[in-house]
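Engineer: Before I ask anything, here is the structure I am working with.
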Amino acid sequence: MNYKRIVPNSISGISLVLGVISIFYTIEENFFAAALCILLSVVADSLDGRAARALGVSGPFGVEMDSLCDLGAFGVAPAILIYQFGLTDLGWWGKIIAGLYTFFGAMRLARFNVNTATVHGYFQGMPIPAGACCLATYVLSGFSFPPVPTAVMTLAIAIILYSNVRFPDFKGHGNPMFRYPVLLSLLIGLYLLWLRPSGWPFVCMFTYFIAGVINAVYVMLFRKQQKG
């Protein structure tokens, strides 16, 4: 038995446990603590792969473990949180939309695993930790959208998770982000920041989300060249 594998797998486990604790806090209507646990889970998730590579124990078991933990922490926990926080007034529609977030998150994780060898330089669809961060930081931000806009935002994030929209992976050169989409996204982000400066974590995540979407639309309209 290679005991070194325990380290990265334990870090993945911590990420999942934090997601489960987030669900408990959501049930208790402590939305601040629930959202904070999701963000801490993102931090843990960012460390497990680094630990595996540093210890030389990367392998298929770790990949599957990471994906299963990601689904719980970033697919299930944020869906329950956003439903309880902002979608309960929509009844079954709120439940369905929150459920779709989990469903598209699962599809995104499965596709990522099977396309690891062929997709390089960008993320195919927004990474599920980023989607979870969008919802968690919204809860913490102080913004309070009505139920319908909250539902639209949640559904849009869900769809973008499993879309073909290319987000830069921050490694090497990544996928091209063109000037005009980035500038427009920054203007939208600055406007939101002007409305509520204390909500800057959500503004940062929303700007990342909208930049990928606007960049994809720009590519389609003007037939710009992307990698891959």
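Note on naming: chains are A, B, ... as they come in the structure tokens, residues start from 1 per chain, ligands start from 1 in the order shown.
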Skipping near chain neighbours, those fewer than 3 positions away, what residues fall within 12 Å of A:Ser10 using only C-alpha atoms, listed as a PyMOL selection string?
Structural biologist: chain A and resi 3-7+13-17+44-45+47-49+51-52+62+65-66+69
Engineer: What are the closest atom pairs, with distances in Å to one decimal, for all residues of stretch 23-101 of chain A lying within 8 Å of stretch 120-140 of chain A? Consider only C-alpha atoms, order rows by chain and residue number, and present the result as CSV.
Structural biologist:
residue,atom,partner,partner_atom,distance
A:Phe31,CA,A:Val139,CA,7.1
A:Phe32,CA,A:Leu140,CA,6.2
A:Ala35,CA,A:Ala136,CA,4.7
A:Leu36,CA,A:Ala136,CA,7.3
A:Ile38,CA,A:Ala136,CA,6.7
A:Leu39,CA,A:Cys133,CA,6.4
A:Val42,CA,A:Pro129,CA,6.1
A:Asp70,CA,A:Pro129,CA,7.6
A:Phe74,CA,A:Ala132,CA,5.2
A:Gly75,CA,A:Ala132,CA,7.2
A:Pro78,CA,A:Ala132,CA,5.8
A:Leu81,CA,A:Ala136,CA,7.9
A:Ile82,CA,A:Leu135,CA,6.7
A:Phe85,CA,A:Val139,CA,7.4
Engineer: So that I have them on file, write out the residues from the current selection with N, CA, C and O atoms, as a PDB file, in the first residue's frame.
Structural biologist:
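The result, written out as out.pdb:
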ATOM      1  N   PHE A  31     -26.866  30.739   6.674  1.00  0.00           N
ATOM      2  CA  PHE A  31     -26.407  30.788   5.293  1.00  0.00           C
ATOM      3  C   PHE A  31     -24.982  31.320   5.175  1.00  0.00           C
ATOM      4  O   PHE A  31     -24.250  30.927   4.265  1.00  0.00           O
ATOM      5  N   PHE A  32     -24.583  32.199   6.061  1.00  0.00           N
ATOM      6  CA  PHE A  32     -23.220  32.715   6.038  1.00  0.00           C
ATOM      7  C   PHE A  32     -22.219  31.583   6.242  1.00  0.00           C
ATOM      8  O   PHE A  32     -21.262  31.429   5.482  1.00  0.00           O
ATOM      9  N   ALA A  35     -22.189  29.130   3.203  1.00  0.00           N
ATOM     10  CA  ALA A  35     -21.438  29.641   2.061  1.00  0.00           C
ATOM     11  C   ALA A  35     -19.940  29.631   2.341  1.00  0.00           C
ATOM     12  O   ALA A  35     -19.133  29.299   1.466  1.00  0.00           O
ATOM     13  N   LEU A  36     -19.562  29.972   3.563  1.00  0.00           N
ATOM     14  CA  LEU A  36     -18.142  29.984   3.932  1.00  0.00           C
ATOM     15  C   LEU A  36     -17.542  28.586   3.835  1.00  0.00           C
ATOM     16  O   LEU A  36     -16.405  28.423   3.369  1.00  0.00           O
ATOM     17  N   ILE A  38     -18.403  26.259   1.781  1.00  0.00           N
ATOM     18  CA  ILE A  38     -18.199  25.963   0.355  1.00  0.00           C
ATOM     19  C   ILE A  38     -16.915  26.613  -0.139  1.00  0.00           C
ATOM     20  O   ILE A  38     -16.130  25.998  -0.871  1.00  0.00           O
ATOM     21  N   LEU A  39     -16.664  27.843   0.266  1.00  0.00           N
ATOM     22  CA  LEU A  39     -15.435  28.518  -0.143  1.00  0.00           C
ATOM     23  C   LEU A  39     -14.201  27.832   0.439  1.00  0.00           C
ATOM     24  O   LEU A  39     -13.181  27.693  -0.247  1.00  0.00           O
ATOM     25  N   VAL A  42     -13.466  24.859  -1.609  1.00  0.00           N
ATOM     26  CA  VAL A  42     -12.757  25.207  -2.850  1.00  0.00           C
ATOM     27  C   VAL A  42     -11.254  25.295  -2.586  1.00  0.00           C
ATOM     28  O   VAL A  42     -10.439  24.833  -3.393  1.00  0.00           O
ATOM     29  N   ASP A  70     -15.983  16.486  -5.482  1.00  0.00           N
ATOM     30  CA  ASP A  70     -16.409  17.733  -6.112  1.00  0.00           C
ATOM     31  C   ASP A  70     -17.914  17.769  -6.319  1.00  0.00           C
ATOM     32  O   ASP A  70     -18.548  18.824  -6.148  1.00  0.00           O
ATOM     33  N   PHE A  74     -19.440  20.813  -4.532  1.00  0.00           N
ATOM     34  CA  PHE A  74     -19.679  21.918  -5.457  1.00  0.00           C
ATOM     35  C   PHE A  74     -20.912  21.727  -6.322  1.00  0.00           C
ATOM     36  O   PHE A  74     -21.302  22.647  -7.056  1.00  0.00           O
ATOM     37  N   GLY A  75     -21.510  20.521  -6.271  1.00  0.00           N
ATOM     38  CA  GLY A  75     -22.721  20.274  -7.039  1.00  0.00           C
ATOM     39  C   GLY A  75     -23.962  20.218  -6.175  1.00  0.00           C
ATOM     40  O   GLY A  75     -24.976  20.847  -6.481  1.00  0.00           O
ATOM     41  N   PRO A  78     -24.014  23.621  -2.971  1.00  0.00           N
ATOM     42  CA  PRO A  78     -24.467  24.939  -3.448  1.00  0.00           C
ATOM     43  C   PRO A  78     -25.910  24.938  -3.927  1.00  0.00           C
ATOM     44  O   PRO A  78     -26.608  25.956  -3.791  1.00  0.00           O
ATOM     45  N   LEU A  81     -28.038  25.209  -0.897  1.00  0.00           N
ATOM     46  CA  LEU A  81     -27.878  26.545  -0.332  1.00  0.00           C
ATOM     47  C   LEU A  81     -28.666  27.590  -1.118  1.00  0.00           C
ATOM     48  O   LEU A  81     -29.416  28.383  -0.527  1.00  0.00           O
ATOM     49  N   ILE A  82     -28.504  27.610  -2.441  1.00  0.00           N
ATOM     50  CA  ILE A  82     -29.164  28.646  -3.227  1.00  0.00           C
ATOM     51  C   ILE A  82     -30.679  28.452  -3.222  1.00  0.00           C
ATOM     52  O   ILE A  82     -31.440  29.439  -3.263  1.00  0.00           O
ATOM     53  N   PHE A  85     -31.808  29.739   0.198  1.00  0.00           N
ATOM     54  CA  PHE A  85     -31.522  31.164   0.350  1.00  0.00           C
ATOM     55  C   PHE A  85     -32.404  32.034  -0.529  1.00  0.00           C
ATOM     56  O   PHE A  85     -32.856  33.095  -0.086  1.00  0.00           O
TER      57      PHE A  85
END
Engineer: What is the distance, in Å and to one decimal place, between atom CA of A:Phe145 and atom CA of A:Gly86?
Structural biologist: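 Straight-line distance from atom CA of A:Phe145 to atom CA of A:Gly86 works out to 8.0 Å.
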Engineer: Can you work out the spacing between atom CA of A:Leu184 and atom CA of A:Ile214 in Å, to one decimal?
Structural biologist: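 Computing it gives 8.2 Å between the two atoms.
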Engineer: Write down as an NGL selection string the residues belonging to stretch 32-140 of chain A that are assigned alpha helix (DSSP H) by DSSP computed on the backbone.
Structural biologist: :A and (32-55 or 60-70 or 77-82 or 92-114 or 128-140)
Engineer: Could you jot down the atom CA of A:Ser41 to atom CA of A:Arg196 separation for me, Å, one decimal place?
Structural biologist: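 Those two atoms sit 25.4 Å apart.
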Engineer: When you look at A:Gly99 with a cut-off of 8 Å (counting only C-alpha atoms), what residues show up, excluding the ones that are within fewer than 4 positions of it in the same chain? I need them as a list in words.
Structural biologist: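 These residues fall inside the cut-off: Ala79, Lys95 and Phe103 of chain A.
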Engineer: Could you check the closest approach to A:Pro149 for each of A:Cys37, A:Phe202, A:Pro168, A:Leu87 and tell me which residue wins, using only C-alpha atoms?
Structural biologist: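 Ranked by minimum distance to A:Pro149, first place goes to A:Leu87.
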